[in-house]
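Below is one structure, written out as structure tokens, with a few remarks after it.
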Amino acid sequence: MSRAVVFAAGEVYDITRVRRLVGRPDLVICADAGLRHARALGLRPDVLLGDFDSLPADVLAAARVEGVPILQVPVEKDETDTELALAEAVRRGAGEVLLVGGSGTRLDHTVSNLLLLPTCPVPVTMTDGKNIARVLRGGEWLEVPREAGSFLSLVPLSPAVTGVTVTGVHWPLSGATLRWGESLGVSNRIVDRCARVSVGEGYLLVVQAWD
């Protein structure tokens with residue numbers, strides 16, 4: 001299965017962890033200033049996409065000279081550069097996507113990017129190095145490995161997520177319902193080799209986070 005990495009223009013707080021997660025991707029797509037993250041990891045984009053409102057002109061010019069394929073889109077459009085980049089990854093056959101730099105100082109962009117996860121037709125993992133976020137749909141399950149200093153949080157992305165079962169954690173759940181406006185699933189701790197999270201119905205955001 002083809003694995004793509006999409007670099008967005010947000011922040012990366014732990015490049016070492018991001019490097020481990022990125023590994024050797026089959027496809028690299030940079031959304032606008034997300035190019036800087038690919039450069040930091042020594043990766044050459046398969047395509048650089050965006051309206052280029054956040055990428056310095058000289059960096060864009062250098063990418064053109066290097067022969068990086070560039071897809072420029074209008075500034076006035078209905079999708080963010082990140083949404084277009086995810087769609088491009090799927091169009092090119094990605095079976096799963098790692099989204100790097102999808103969070104940062106712009107809360108609106110961060111929330112918008114998180115809400116792209118359940119709507120994407122392939123599994124997407126979003127990370128800034130301090131957080132690893134995934135979405136489980138009804139009937140799906142996920143194992144999260146224990147790592148020093150990390151927390152595990154479960155946040156409902158639909159009004160109610162039912163049948164939530166979590167094992168291998170300090171506060172396990174069995175068939176629980178998580179609802180909007182309740183913080184029952186926040187800041188758990190993994191105590192076994194890994195935690196196992198499963199969902200009956202709904203969309204559940206699963207976040208492994210470090211301070």
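FYI, nothing fancy with the structure tokens labels: chains A, B, ... in order, residues from 1 per chain, ligands from 1 as they appear.
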Near Gly104 (chain A), within 10 Å and counting only C-alpha atoms, which residues show up once chain neighbours fewer than 4 positions away are dropped, as an MDAnalysis selection string? chainID A and resid 9:13 108:110 128
Could you write out the selected residues, including N, CA and C atoms, as a PDB file, in the first residue's frame?
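The resulting selection.pdb:
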ATOM      1  N   ALA A   9       1.987  23.860   6.374  1.00  0.00           N
ATOM      2  CA  ALA A   9       2.794  25.026   6.727  1.00  0.00           C
ATOM      3  C   ALA A   9       2.753  25.386   8.204  1.00  0.00           C
ATOM      4  N   GLY A  10       2.195  24.490   9.046  1.00  0.00           N
ATOM      5  CA  GLY A  10       2.156  24.754  10.479  1.00  0.00           C
ATOM      6  C   GLY A  10       3.488  24.481  11.148  1.00  0.00           C
ATOM      7  N   GLU A  11       3.441  24.099  12.419  1.00  0.00           N
ATOM      8  CA  GLU A  11       4.670  23.953  13.204  1.00  0.00           C
ATOM      9  C   GLU A  11       5.066  22.485  13.391  1.00  0.00           C
ATOM     10  N   VAL A  12       6.362  22.282  13.564  1.00  0.00           N
ATOM     11  CA  VAL A  12       6.910  20.988  13.971  1.00  0.00           C
ATOM     12  C   VAL A  12       7.733  21.236  15.223  1.00  0.00           C
ATOM     13  N   TYR A  13       7.409  20.546  16.320  1.00  0.00           N
ATOM     14  CA  TYR A  13       8.036  20.799  17.604  1.00  0.00           C
ATOM     15  C   TYR A  13       9.081  19.766  18.005  1.00  0.00           C
ATOM     16  N   ASP A 108      -7.777  28.192  13.889  1.00  0.00           N
ATOM     17  CA  ASP A 108      -8.750  27.877  12.844  1.00  0.00           C
ATOM     18  C   ASP A 108      -8.198  26.837  11.876  1.00  0.00           C
ATOM     19  N   HIS A 109      -6.930  26.988  11.492  1.00  0.00           N
ATOM     20  CA  HIS A 109      -6.320  26.017  10.593  1.00  0.00           C
ATOM     21  C   HIS A 109      -6.136  24.666  11.295  1.00  0.00           C
ATOM     22  N   THR A 110      -5.757  24.701  12.560  1.00  0.00           N
ATOM     23  CA  THR A 110      -5.556  23.455  13.300  1.00  0.00           C
ATOM     24  C   THR A 110      -6.849  22.649  13.373  1.00  0.00           C
ATOM     25  N   ASP A 128       2.724  16.901  14.810  1.00  0.00           N
ATOM     26  CA  ASP A 128       3.659  18.032  14.845  1.00  0.00           C
ATOM     27  C   ASP A 128       4.894  17.644  15.665  1.00  0.00           C
TER      28      ASP A 128
END
Tell me which protein, DNA and RNA residues are within 12 Å of region 81-84 of chain A, counting only C-alpha atoms, leaving out same-chain ones fewer than 6 positions away, and put them as a PyMOL selection string. chain A and resi 5-10+29-34+47-55+71-75+90-91+98-103+109-110+112-117+119-120+124+126
For N, CA and C atoms, I'd like the residues from the last selection saved as a short mmCIF file (atom, residue, chain, number, x, y, z; two decimals), in the first residue's frame.
data_model
loop_
_atom_site.label_atom_id
_atom_site.label_comp_id
_atom_site.auth_asym_id
_atom_site.auth_seq_id
_atom_site.Cartn_x
_atom_site.Cartn_y
_atom_site.Cartn_z
N VAL A 5 3.40 11.31 2.52
CA VAL A 5 3.56 12.32 3.56
C VAL A 5 3.19 13.66 2.97
N VAL A 6 2.29 14.37 3.64
CA VAL A 6 1.92 15.73 3.26
C VAL A 6 2.48 16.67 4.31
N PHE A 7 3.29 17.61 3.87
CA PHE A 7 3.85 18.62 4.78
C PHE A 7 3.04 19.90 4.65
N ALA A 8 2.37 20.29 5.75
CA ALA A 8 1.63 21.54 5.78
C ALA A 8 2.51 22.65 6.37
N ALA A 9 1.99 23.86 6.37
CA ALA A 9 2.79 25.03 6.73
C ALA A 9 2.75 25.39 8.20
N GLY A 10 2.19 24.49 9.05
CA GLY A 10 2.16 24.75 10.48
C GLY A 10 3.49 24.48 11.15
N ILE A 29 4.40 15.27 -0.64
CA ILE A 29 3.68 16.45 -1.15
C ILE A 29 3.84 17.57 -0.14
N CYS A 30 4.24 18.74 -0.62
CA CYS A 30 4.39 19.90 0.25
C CYS A 30 3.31 20.91 -0.06
N ALA A 31 2.61 21.36 0.96
CA ALA A 31 1.60 22.41 0.83
C ALA A 31 2.24 23.74 1.22
N ASP A 32 2.51 24.56 0.22
CA ASP A 32 3.06 25.90 0.43
C ASP A 32 4.32 25.85 1.31
N ALA A 33 4.34 26.58 2.43
CA ALA A 33 5.54 26.65 3.27
C ALA A 33 5.85 25.36 4.01
N GLY A 34 5.02 24.33 3.82
CA GLY A 34 5.37 23.02 4.33
C GLY A 34 6.66 22.50 3.72
N VAL A 47 5.69 16.84 -5.43
CA VAL A 47 4.95 18.00 -5.92
C VAL A 47 4.89 19.04 -4.81
N LEU A 48 5.01 20.29 -5.20
CA LEU A 48 4.86 21.44 -4.31
C LEU A 48 3.58 22.15 -4.73
N LEU A 49 2.63 22.22 -3.81
CA LEU A 49 1.29 22.70 -4.14
C LEU A 49 0.92 23.86 -3.25
N GLY A 50 0.21 24.84 -3.80
CA GLY A 50 -0.30 25.92 -2.95
C GLY A 50 -0.52 27.21 -3.70
N ASP A 51 -1.05 28.21 -2.96
CA ASP A 51 -1.18 29.55 -3.53
C ASP A 51 0.07 30.38 -3.24
N PHE A 52 0.96 29.82 -2.40
CA PHE A 52 2.27 30.39 -2.10
C PHE A 52 2.20 31.77 -1.46
N ASP A 53 1.23 31.90 -0.55
CA ASP A 53 1.13 33.13 0.22
C ASP A 53 2.02 33.11 1.45
N SER A 54 2.55 31.91 1.80
CA SER A 54 3.40 31.81 2.99
C SER A 54 4.81 31.32 2.66
N LEU A 55 5.08 31.03 1.41
CA LEU A 55 6.40 30.57 1.00
C LEU A 55 7.18 31.73 0.39
N LEU A 71 2.47 22.88 -8.50
CA LEU A 71 1.06 23.05 -8.83
C LEU A 71 0.56 24.27 -8.08
N GLN A 72 0.42 25.38 -8.80
CA GLN A 72 -0.02 26.62 -8.16
C GLN A 72 -1.53 26.75 -8.28
N VAL A 73 -2.17 27.11 -7.18
CA VAL A 73 -3.62 27.25 -7.14
C VAL A 73 -3.97 28.69 -6.78
N PRO A 74 -5.18 29.14 -7.08
CA PRO A 74 -5.54 30.53 -6.78
C PRO A 74 -5.57 30.81 -5.28
N VAL A 75 -5.29 32.06 -4.93
CA VAL A 75 -5.41 32.46 -3.53
C VAL A 75 -6.88 32.40 -3.10
N VAL A 90 -4.36 11.39 -2.36
CA VAL A 90 -5.33 10.33 -2.65
C VAL A 90 -5.43 10.11 -4.16
N ARG A 91 -5.45 11.21 -4.92
CA ARG A 91 -5.55 11.10 -6.39
C ARG A 91 -4.37 10.34 -6.96
N LEU A 98 0.46 10.52 6.12
CA LEU A 98 0.94 11.19 7.33
C LEU A 98 0.94 12.68 7.05
N LEU A 99 0.19 13.44 7.84
CA LEU A 99 0.11 14.89 7.70
C LEU A 99 1.00 15.53 8.75
N VAL A 100 2.05 16.19 8.30
CA VAL A 100 3.03 16.82 9.20
C VAL A 100 2.84 18.33 9.16
N GLY A 101 2.83 18.97 10.34
CA GLY A 101 2.74 20.43 10.39
C GLY A 101 1.34 20.96 10.15
N GLY A 102 0.34 20.18 10.54
CA GLY A 102 -1.04 20.63 10.34
C GLY A 102 -1.59 21.46 11.49
N SER A 103 -0.77 21.68 12.54
CA SER A 103 -1.20 22.48 13.68
C SER A 103 -0.19 23.59 13.92
N HIS A 109 -6.93 26.99 11.49
CA HIS A 109 -6.32 26.02 10.59
C HIS A 109 -6.14 24.67 11.29
N THR A 110 -5.76 24.70 12.56
CA THR A 110 -5.56 23.46 13.30
C THR A 110 -6.85 22.65 13.37
N SER A 112 -9.56 22.98 11.50
CA SER A 112 -9.95 22.60 10.15
C SER A 112 -9.19 21.37 9.69
N ASN A 113 -7.89 21.32 9.96
CA ASN A 113 -7.09 20.18 9.54
C ASN A 113 -7.47 18.91 10.29
N LEU A 114 -7.75 19.03 11.60
CA LEU A 114 -8.20 17.87 12.36
C LEU A 114 -9.50 17.30 11.79
N LEU A 115 -10.38 18.18 11.35
CA LEU A 115 -11.67 17.73 10.83
C LEU A 115 -11.57 17.17 9.41
N LEU A 116 -10.39 17.32 8.80
CA LEU A 116 -10.17 16.66 7.52
C LEU A 116 -9.96 15.16 7.70
N LEU A 117 -9.49 14.76 8.89
CA LEU A 117 -9.13 13.36 9.11
C LEU A 117 -10.29 12.40 8.91
N THR A 119 -12.96 12.83 7.16
CA THR A 119 -13.58 12.95 5.84
C THR A 119 -12.70 12.42 4.73
N CYS A 120 -11.42 12.21 5.00
CA CYS A 120 -10.52 11.71 3.97
C CYS A 120 -10.84 10.23 3.70
N VAL A 124 -5.56 8.85 7.79
CA VAL A 124 -4.62 9.96 7.93
C VAL A 124 -4.16 10.06 9.37
N MET A 126 -2.00 12.67 11.81
CA MET A 126 -1.55 14.06 11.84
C MET A 126 -0.58 14.25 13.00
#
Would you mind writing down, as a compact mmCIF listing (two decimals) with all heavy atoms, in the first residue's frame, each residue of region 18-208 of chain A that DSSP on the backbone assigns to helix (DSSP H, G or I)?
# COMPACT_ATOMS: atom_id res chain seq x y z
N VAL A 18 9.26 13.26 14.40
CA VAL A 18 8.68 13.36 13.06
C VAL A 18 9.50 12.55 12.05
O VAL A 18 8.94 11.84 11.21
CB VAL A 18 8.57 14.83 12.62
CG1 VAL A 18 8.26 14.94 11.12
CG2 VAL A 18 7.49 15.54 13.43
N ARG A 19 10.81 12.64 12.15
CA ARG A 19 11.67 11.88 11.24
C ARG A 19 11.38 10.38 11.34
O ARG A 19 11.32 9.67 10.34
CB ARG A 19 13.14 12.16 11.55
CG ARG A 19 14.12 11.54 10.55
CD ARG A 19 15.56 11.74 11.01
NE ARG A 19 15.87 13.15 11.21
CZ ARG A 19 16.22 13.97 10.23
NH1 ARG A 19 16.32 13.53 8.99
NH2 ARG A 19 16.49 15.24 10.52
N ARG A 20 11.20 9.90 12.57
CA ARG A 20 10.91 8.48 12.77
C ARG A 20 9.56 8.11 12.16
O ARG A 20 9.42 7.04 11.55
CB ARG A 20 10.93 8.16 14.27
CG ARG A 20 10.52 6.75 14.61
CD ARG A 20 10.81 6.42 16.08
NE ARG A 20 10.18 7.36 16.99
CZ ARG A 20 8.91 7.28 17.37
NH1 ARG A 20 8.13 6.31 16.90
NH2 ARG A 20 8.40 8.15 18.23
N LEU A 21 8.57 8.96 12.32
CA LEU A 21 7.25 8.69 11.77
C LEU A 21 7.24 8.75 10.25
O LEU A 21 6.55 7.98 9.59
CB LEU A 21 6.23 9.68 12.33
CG LEU A 21 5.91 9.55 13.82
CD1 LEU A 21 5.10 10.75 14.30
CD2 LEU A 21 5.15 8.26 14.10
N VAL A 22 8.01 9.67 9.69
CA VAL A 22 8.04 9.84 8.22
C VAL A 22 8.68 8.62 7.56
O VAL A 22 8.16 8.08 6.57
CB VAL A 22 8.79 11.12 7.84
CG1 VAL A 22 9.09 11.14 6.34
CG2 VAL A 22 7.96 12.35 8.23
N ASP A 32 2.51 24.56 0.22
CA ASP A 32 3.06 25.90 0.43
C ASP A 32 4.32 25.85 1.31
O ASP A 32 5.27 25.13 0.99
CB ASP A 32 1.98 26.81 1.02
CG ASP A 32 2.15 28.27 0.60
OD1 ASP A 32 3.26 28.82 0.78
OD2 ASP A 32 1.19 28.86 0.09
N ALA A 33 4.34 26.58 2.43
CA ALA A 33 5.54 26.65 3.27
C ALA A 33 5.85 25.36 4.01
O ALA A 33 6.85 25.28 4.71
CB ALA A 33 5.42 27.80 4.26
N GLY A 34 5.02 24.33 3.82
CA GLY A 34 5.37 23.02 4.33
C GLY A 34 6.66 22.50 3.72
O GLY A 34 7.28 21.56 4.25
N LEU A 35 7.09 23.14 2.65
CA LEU A 35 8.36 22.76 2.02
C LEU A 35 9.52 22.82 3.01
O LEU A 35 10.45 22.01 2.92
CB LEU A 35 8.63 23.70 0.83
CG LEU A 35 9.96 23.50 0.09
CD1 LEU A 35 10.03 22.12 -0.55
CD2 LEU A 35 10.15 24.59 -0.97
N ARG A 36 9.46 23.74 3.97
CA ARG A 36 10.59 23.87 4.90
C ARG A 36 10.75 22.62 5.76
O ARG A 36 11.87 22.28 6.14
CB ARG A 36 10.43 25.12 5.77
CG ARG A 36 9.40 25.05 6.88
CD ARG A 36 9.27 26.39 7.58
NE ARG A 36 8.52 26.33 8.81
CZ ARG A 36 7.19 26.39 8.88
NH1 ARG A 36 6.47 26.50 7.78
NH2 ARG A 36 6.59 26.35 10.06
N HIS A 37 9.66 21.95 6.07
CA HIS A 37 9.75 20.73 6.87
C HIS A 37 10.37 19.59 6.06
O HIS A 37 11.17 18.82 6.58
CB HIS A 37 8.37 20.32 7.37
CG HIS A 37 7.69 21.36 8.21
ND1 HIS A 37 8.34 22.03 9.21
CD2 HIS A 37 6.42 21.83 8.19
CE1 HIS A 37 7.50 22.89 9.79
NE2 HIS A 37 6.33 22.78 9.18
N ALA A 38 9.98 19.49 4.80
CA ALA A 38 10.59 18.47 3.93
C ALA A 38 12.08 18.72 3.80
O ALA A 38 12.89 17.78 3.85
CB ALA A 38 9.91 18.47 2.56
N ARG A 39 12.46 19.98 3.63
CA ARG A 39 13.88 20.33 3.50
C ARG A 39 14.64 19.94 4.77
O ARG A 39 15.75 19.44 4.71
CB ARG A 39 14.02 21.83 3.26
CG ARG A 39 13.46 22.32 1.93
CD ARG A 39 14.29 21.84 0.78
NE ARG A 39 14.06 22.62 -0.42
CZ ARG A 39 13.88 22.08 -1.62
NH1 ARG A 39 13.89 20.76 -1.77
NH2 ARG A 39 13.70 22.85 -2.68
N ALA A 40 14.02 20.18 5.94
CA ALA A 40 14.68 19.87 7.21
C ALA A 40 14.94 18.38 7.35
O ALA A 40 15.87 17.97 8.05
CB ALA A 40 13.83 20.36 8.38
N ALA A 57 9.34 34.09 -1.86
CA ALA A 57 9.48 34.03 -3.31
C ALA A 57 10.80 33.41 -3.74
O ALA A 57 10.85 32.66 -4.73
CB ALA A 57 9.33 35.43 -3.90
N ASP A 58 11.88 33.68 -2.99
CA ASP A 58 13.17 33.13 -3.39
C ASP A 58 13.22 31.61 -3.18
O ASP A 58 13.88 30.89 -3.95
CB ASP A 58 14.31 33.81 -2.63
CG ASP A 58 14.20 33.64 -1.11
OD1 ASP A 58 13.07 33.57 -0.60
OD2 ASP A 58 15.25 33.58 -0.45
N VAL A 59 12.50 31.11 -2.16
CA VAL A 59 12.46 29.66 -1.93
C VAL A 59 11.66 28.98 -3.03
O VAL A 59 12.04 27.90 -3.53
CB VAL A 59 11.86 29.35 -0.55
CG1 VAL A 59 11.76 27.85 -0.32
CG2 VAL A 59 12.69 30.00 0.55
N LEU A 60 10.56 29.62 -3.44
CA LEU A 60 9.77 29.08 -4.54
C LEU A 60 10.58 29.07 -5.83
O LEU A 60 10.56 28.09 -6.59
CB LEU A 60 8.49 29.90 -4.72
CG LEU A 60 7.58 29.50 -5.88
CD1 LEU A 60 7.11 28.06 -5.74
CD2 LEU A 60 6.38 30.46 -5.96
N ALA A 61 11.31 30.16 -6.07
CA ALA A 61 12.14 30.25 -7.28
C ALA A 61 13.22 29.16 -7.28
O ALA A 61 13.50 28.54 -8.32
CB ALA A 61 12.77 31.63 -7.38
N ALA A 62 13.81 28.90 -6.11
CA ALA A 62 14.84 27.87 -6.00
C ALA A 62 14.26 26.50 -6.29
O ALA A 62 14.90 25.66 -6.94
CB ALA A 62 15.48 27.91 -4.62
N ALA A 63 13.04 26.25 -5.83
CA ALA A 63 12.39 24.97 -6.09
C ALA A 63 12.15 24.78 -7.59
O ALA A 63 12.32 23.68 -8.13
CB ALA A 63 11.08 24.88 -5.32
N ARG A 64 11.78 25.86 -8.27
CA ARG A 64 11.58 25.79 -9.72
C ARG A 64 12.90 25.43 -10.42
O ARG A 64 12.93 24.58 -11.32
CB ARG A 64 11.06 27.11 -10.26
CG ARG A 64 9.63 27.46 -9.85
CD ARG A 64 9.15 28.70 -10.57
NE ARG A 64 7.89 29.19 -10.05
CZ ARG A 64 6.70 28.72 -10.38
NH1 ARG A 64 6.61 27.73 -11.25
NH2 ARG A 64 5.60 29.24 -9.86
N VAL A 65 13.98 26.07 -9.99
CA VAL A 65 15.29 25.81 -10.59
C VAL A 65 15.70 24.35 -10.38
O VAL A 65 16.30 23.72 -11.26
CB VAL A 65 16.35 26.77 -10.00
CG1 VAL A 65 17.75 26.36 -10.43
CG2 VAL A 65 16.06 28.20 -10.43
N ASP A 81 -4.83 24.96 1.28
CA ASP A 81 -3.75 24.24 0.61
C ASP A 81 -3.60 22.83 1.16
O ASP A 81 -3.31 21.88 0.43
CB ASP A 81 -2.42 25.00 0.77
CG ASP A 81 -2.40 26.31 0.00
OD1 ASP A 81 -3.21 26.47 -0.93
OD2 ASP A 81 -1.56 27.18 0.34
N THR A 82 -3.80 22.67 2.48
CA THR A 82 -3.67 21.35 3.09
C THR A 82 -4.74 20.39 2.58
O THR A 82 -4.44 19.22 2.27
CB THR A 82 -3.76 21.45 4.63
OG1 THR A 82 -2.72 22.32 5.10
CG2 THR A 82 -3.60 20.09 5.27
N GLU A 83 -5.97 20.85 2.47
CA GLU A 83 -7.03 19.99 1.95
C GLU A 83 -6.73 19.57 0.51
O GLU A 83 -6.90 18.40 0.13
CB GLU A 83 -8.39 20.69 2.01
CG GLU A 83 -9.54 19.81 1.53
CD GLU A 83 -10.90 20.46 1.65
OE1 GLU A 83 -10.98 21.59 2.16
OE2 GLU A 83 -11.89 19.81 1.24
N LEU A 84 -6.25 20.51 -0.29
CA LEU A 84 -5.90 20.20 -1.68
C LEU A 84 -4.74 19.21 -1.74
O LEU A 84 -4.71 18.31 -2.60
CB LEU A 84 -5.55 21.48 -2.44
CG LEU A 84 -6.71 22.44 -2.69
CD1 LEU A 84 -6.19 23.74 -3.29
CD2 LEU A 84 -7.75 21.80 -3.61
N ALA A 85 -3.78 19.35 -0.83
CA ALA A 85 -2.64 18.45 -0.81
C ALA A 85 -3.06 17.03 -0.44
O ALA A 85 -2.58 16.05 -1.02
CB ALA A 85 -1.57 18.96 0.14
N LEU A 86 -3.96 16.90 0.53
CA LEU A 86 -4.48 15.58 0.89
C LEU A 86 -5.21 14.95 -0.29
O LEU A 86 -5.05 13.75 -0.58
CB LEU A 86 -5.40 15.67 2.10
CG LEU A 86 -4.75 15.88 3.46
CD1 LEU A 86 -5.83 16.09 4.52
CD2 LEU A 86 -3.87 14.70 3.84
N ALA A 87 -6.03 15.76 -0.97
CA ALA A 87 -6.76 15.25 -2.12
C ALA A 87 -5.79 14.81 -3.23
O ALA A 87 -6.03 13.81 -3.91
CB ALA A 87 -7.72 16.32 -2.65
N GLU A 88 -4.71 15.54 -3.39
CA GLU A 88 -3.71 15.18 -4.40
C GLU A 88 -3.03 13.87 -4.04
O GLU A 88 -2.75 13.03 -4.92
CB GLU A 88 -2.68 16.30 -4.52
CG GLU A 88 -1.63 16.09 -5.60
CD GLU A 88 -2.17 16.14 -7.02
OE1 GLU A 88 -3.32 16.57 -7.21
OE2 GLU A 88 -1.43 15.75 -7.94
N ALA A 89 -2.76 13.66 -2.75
CA ALA A 89 -2.15 12.40 -2.31
C ALA A 89 -3.07 11.22 -2.63
O ALA A 89 -2.62 10.18 -3.12
CB ALA A 89 -1.85 12.45 -0.82
N VAL A 90 -4.36 11.39 -2.36
CA VAL A 90 -5.33 10.33 -2.65
C VAL A 90 -5.43 10.11 -4.16
O VAL A 90 -5.46 8.97 -4.64
CB VAL A 90 -6.71 10.67 -2.06
CG1 VAL A 90 -7.76 9.66 -2.50
CG2 VAL A 90 -6.63 10.72 -0.53
N ARG A 91 -5.45 11.21 -4.92
CA ARG A 91 -5.55 11.10 -6.39
C ARG A 91 -4.37 10.34 -6.96
O ARG A 91 -4.50 9.60 -7.94
CB ARG A 91 -5.61 12.50 -7.00
CG ARG A 91 -5.92 12.52 -8.49
CD ARG A 91 -5.82 13.90 -9.08
NE ARG A 91 -4.44 14.35 -9.18
CZ ARG A 91 -3.59 13.97 -10.14
NH1 ARG A 91 -3.99 13.14 -11.08
NH2 ARG A 91 -2.36 14.42 -10.16
N LEU A 107 -5.41 28.62 15.31
CA LEU A 107 -6.37 27.64 15.80
C LEU A 107 -7.37 27.24 14.72
O LEU A 107 -7.76 26.07 14.64
CB LEU A 107 -7.11 28.19 17.02
CG LEU A 107 -8.14 27.28 17.67
CD1 LEU A 107 -7.50 25.99 18.16
CD2 LEU A 107 -8.85 28.00 18.82
N ASP A 108 -7.78 28.19 13.89
CA ASP A 108 -8.75 27.88 12.84
C ASP A 108 -8.20 26.84 11.88
O ASP A 108 -8.88 25.88 11.51
CB ASP A 108 -9.19 29.14 12.10
CG ASP A 108 -8.03 29.99 11.60
OD1 ASP A 108 -6.87 29.75 12.01
OD2 ASP A 108 -8.27 30.92 10.80
N HIS A 109 -6.93 26.99 11.49
CA HIS A 109 -6.32 26.02 10.59
C HIS A 109 -6.14 24.67 11.29
O HIS A 109 -6.34 23.61 10.69
CB HIS A 109 -4.97 26.53 10.09
CG HIS A 109 -5.09 27.48 8.94
ND1 HIS A 109 -5.29 27.06 7.65
CD2 HIS A 109 -5.04 28.83 8.89
CE1 HIS A 109 -5.37 28.11 6.84
NE2 HIS A 109 -5.22 29.19 7.58
N THR A 110 -5.76 24.70 12.56
CA THR A 110 -5.56 23.46 13.30
C THR A 110 -6.85 22.65 13.37
O THR A 110 -6.87 21.45 13.08
CB THR A 110 -5.05 23.75 14.72
OG1 THR A 110 -3.79 24.43 14.64
CG2 THR A 110 -4.86 22.47 15.51
N VAL A 111 -7.94 23.31 13.77
CA VAL A 111 -9.23 22.61 13.88
C VAL A 111 -9.69 22.14 12.50
O VAL A 111 -10.17 21.00 12.34
CB VAL A 111 -10.29 23.52 14.53
CG1 VAL A 111 -11.67 22.86 14.49
CG2 VAL A 111 -9.90 23.84 15.96
N SER A 112 -9.56 22.98 11.50
CA SER A 112 -9.95 22.60 10.15
C SER A 112 -9.19 21.37 9.69
O SER A 112 -9.77 20.44 9.11
CB SER A 112 -9.71 23.76 9.19
OG SER A 112 -9.98 23.38 7.85
N ASN A 113 -7.89 21.32 9.96
CA ASN A 113 -7.09 20.18 9.54
C ASN A 113 -7.47 18.91 10.29
O ASN A 113 -7.52 17.82 9.72
CB ASN A 113 -5.60 20.47 9.73
CG ASN A 113 -5.09 21.50 8.73
OD1 ASN A 113 -5.68 21.68 7.66
ND2 ASN A 113 -4.02 22.18 9.08
N LEU A 114 -7.75 19.03 11.60
CA LEU A 114 -8.20 17.87 12.36
C LEU A 114 -9.50 17.30 11.79
O LEU A 114 -9.68 16.08 11.72
CB LEU A 114 -8.40 18.23 13.84
CG LEU A 114 -7.14 18.37 14.68
CD1 LEU A 114 -7.47 18.95 16.04
CD2 LEU A 114 -6.45 17.01 14.86
DSSP on the backbone, then: every residue of region 17-97 of chain A marked strand (DSSP E or B), written as a list in words.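 Result set for region 17-97 of chain A (strand (DSSP E or B)): Leu27, Val28, Ile29, Cys30, Ala31, Val47, Leu48, Leu49, Gly50, Ile70, Leu71, Gln72, Glu96 and Val97 of chain A.
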Applying 12 Å and only C-alpha atoms, which residues near Leu178 (chain A) remain after dropping the ones on its own chain fewer than 6 positions away? List them as a list of chain:residue names.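 Contacts, in chain order: A:Ser153, A:Leu154, A:Val155, A:Pro156, A:Leu157, A:Ser158, A:Pro159, A:Ala160, A:Val161, A:Thr162, A:Gly163, A:Val164, A:Thr165, A:Leu184, A:Gly185, A:Val186, A:Val199, A:Gly200, A:Glu201, A:Gly202, A:Tyr203, A:Leu204, A:Leu205.
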Can you write just those residues out, C-alpha atoms, as a short mmCIF file (atom, residue, chain, number, x, y, z; two decimals), in the first residue's frame?
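Full text of selection.cif as output:
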data_model
loop_
_atom_site.label_atom_id
_atom_site.label_comp_id
_atom_site.auth_asym_id
_atom_site.auth_seq_id
_atom_site.Cartn_x
_atom_site.Cartn_y
_atom_site.Cartn_z
CA SER A 153 -6.68 11.25 24.93
CA LEU A 154 -9.94 10.32 23.25
CA VAL A 155 -12.15 13.13 21.92
CA PRO A 156 -15.51 12.54 20.19
CA LEU A 157 -15.82 14.16 16.76
CA SER A 158 -19.47 13.19 16.46
CA PRO A 159 -22.15 14.12 19.03
CA ALA A 160 -21.85 10.69 20.66
CA VAL A 161 -19.30 7.94 20.10
CA THR A 162 -20.58 4.62 21.41
CA GLY A 163 -18.94 1.31 22.24
CA VAL A 164 -15.61 2.89 23.18
CA THR A 165 -13.34 0.27 24.73
CA LEU A 184 -13.98 11.74 30.16
CA GLY A 185 -11.39 10.52 27.64
CA VAL A 186 -8.74 13.20 28.16
CA VAL A 199 -15.10 2.09 18.62
CA GLY A 200 -18.67 0.89 18.04
CA GLU A 201 -20.20 3.85 16.22
CA GLY A 202 -19.13 7.44 15.56
CA TYR A 203 -15.88 9.28 14.92
CA LEU A 204 -13.28 9.25 17.68
CA LEU A 205 -10.13 11.39 17.69
#
Could you tell me which of A:Leu152, A:Val68, A:Ile15, A:Leu173 comes closest to Ser187 (chain A) if we count only C-alpha atoms?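 Nearest to Ser187 (chain A): A:Leu152.
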Neighbours of Ala94 (chain A) within 8 Å (only C-alpha atoms; same-chain residues fewer than 3 positions away dropped), as an MDAnalysis selection string? chainID A and resid 1:4 27 89:91 97 122
Shell of 8 Å around Val169 (chain A), only C-alpha atoms, local chain residues under 3 positions omitted, as a PyMOL selection string: chain A and resi 166+172+188-192+195
Separation of CA of Arg17 (chain A) from CA of Glu96 (chain A), in Å and rounded to one decimal: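 For CA of Arg17 (chain A) relative to CA of Glu96 (chain A), the distance reads 18.6 Å.
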Pick out the residues sitting within 9 Å of Ala209 (chain A), and hand them over as a PyMOL selection string; count only C-alpha atoms, and ignore anything fewer than 6 positions along from it in its own chain. chain A and resi 129-133+149-153+187
Neighbouring residues of region 196-198 of chain A were defined as those with any atom within 7 Å, considering only C-alpha atoms; residues of the same chain fewer than 4 positions away were excluded. Please report them as a ChimeraX atom specification. /A:140-144,164-168
How far is it from CA of Trp210 (chain A) to CA of Thr16 (chain A), in Å with one decimal? 13.5 Å
Pick out the closest residue to Gly23 (chain A) from this set: A:Thr125, A:Leu43, A:Glu147, A:Glu182. Count only C-alpha atoms.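 Nearest candidate to Gly23 (chain A) out of A:Thr125, A:Leu43, A:Glu147, A:Glu182: A:Leu43.
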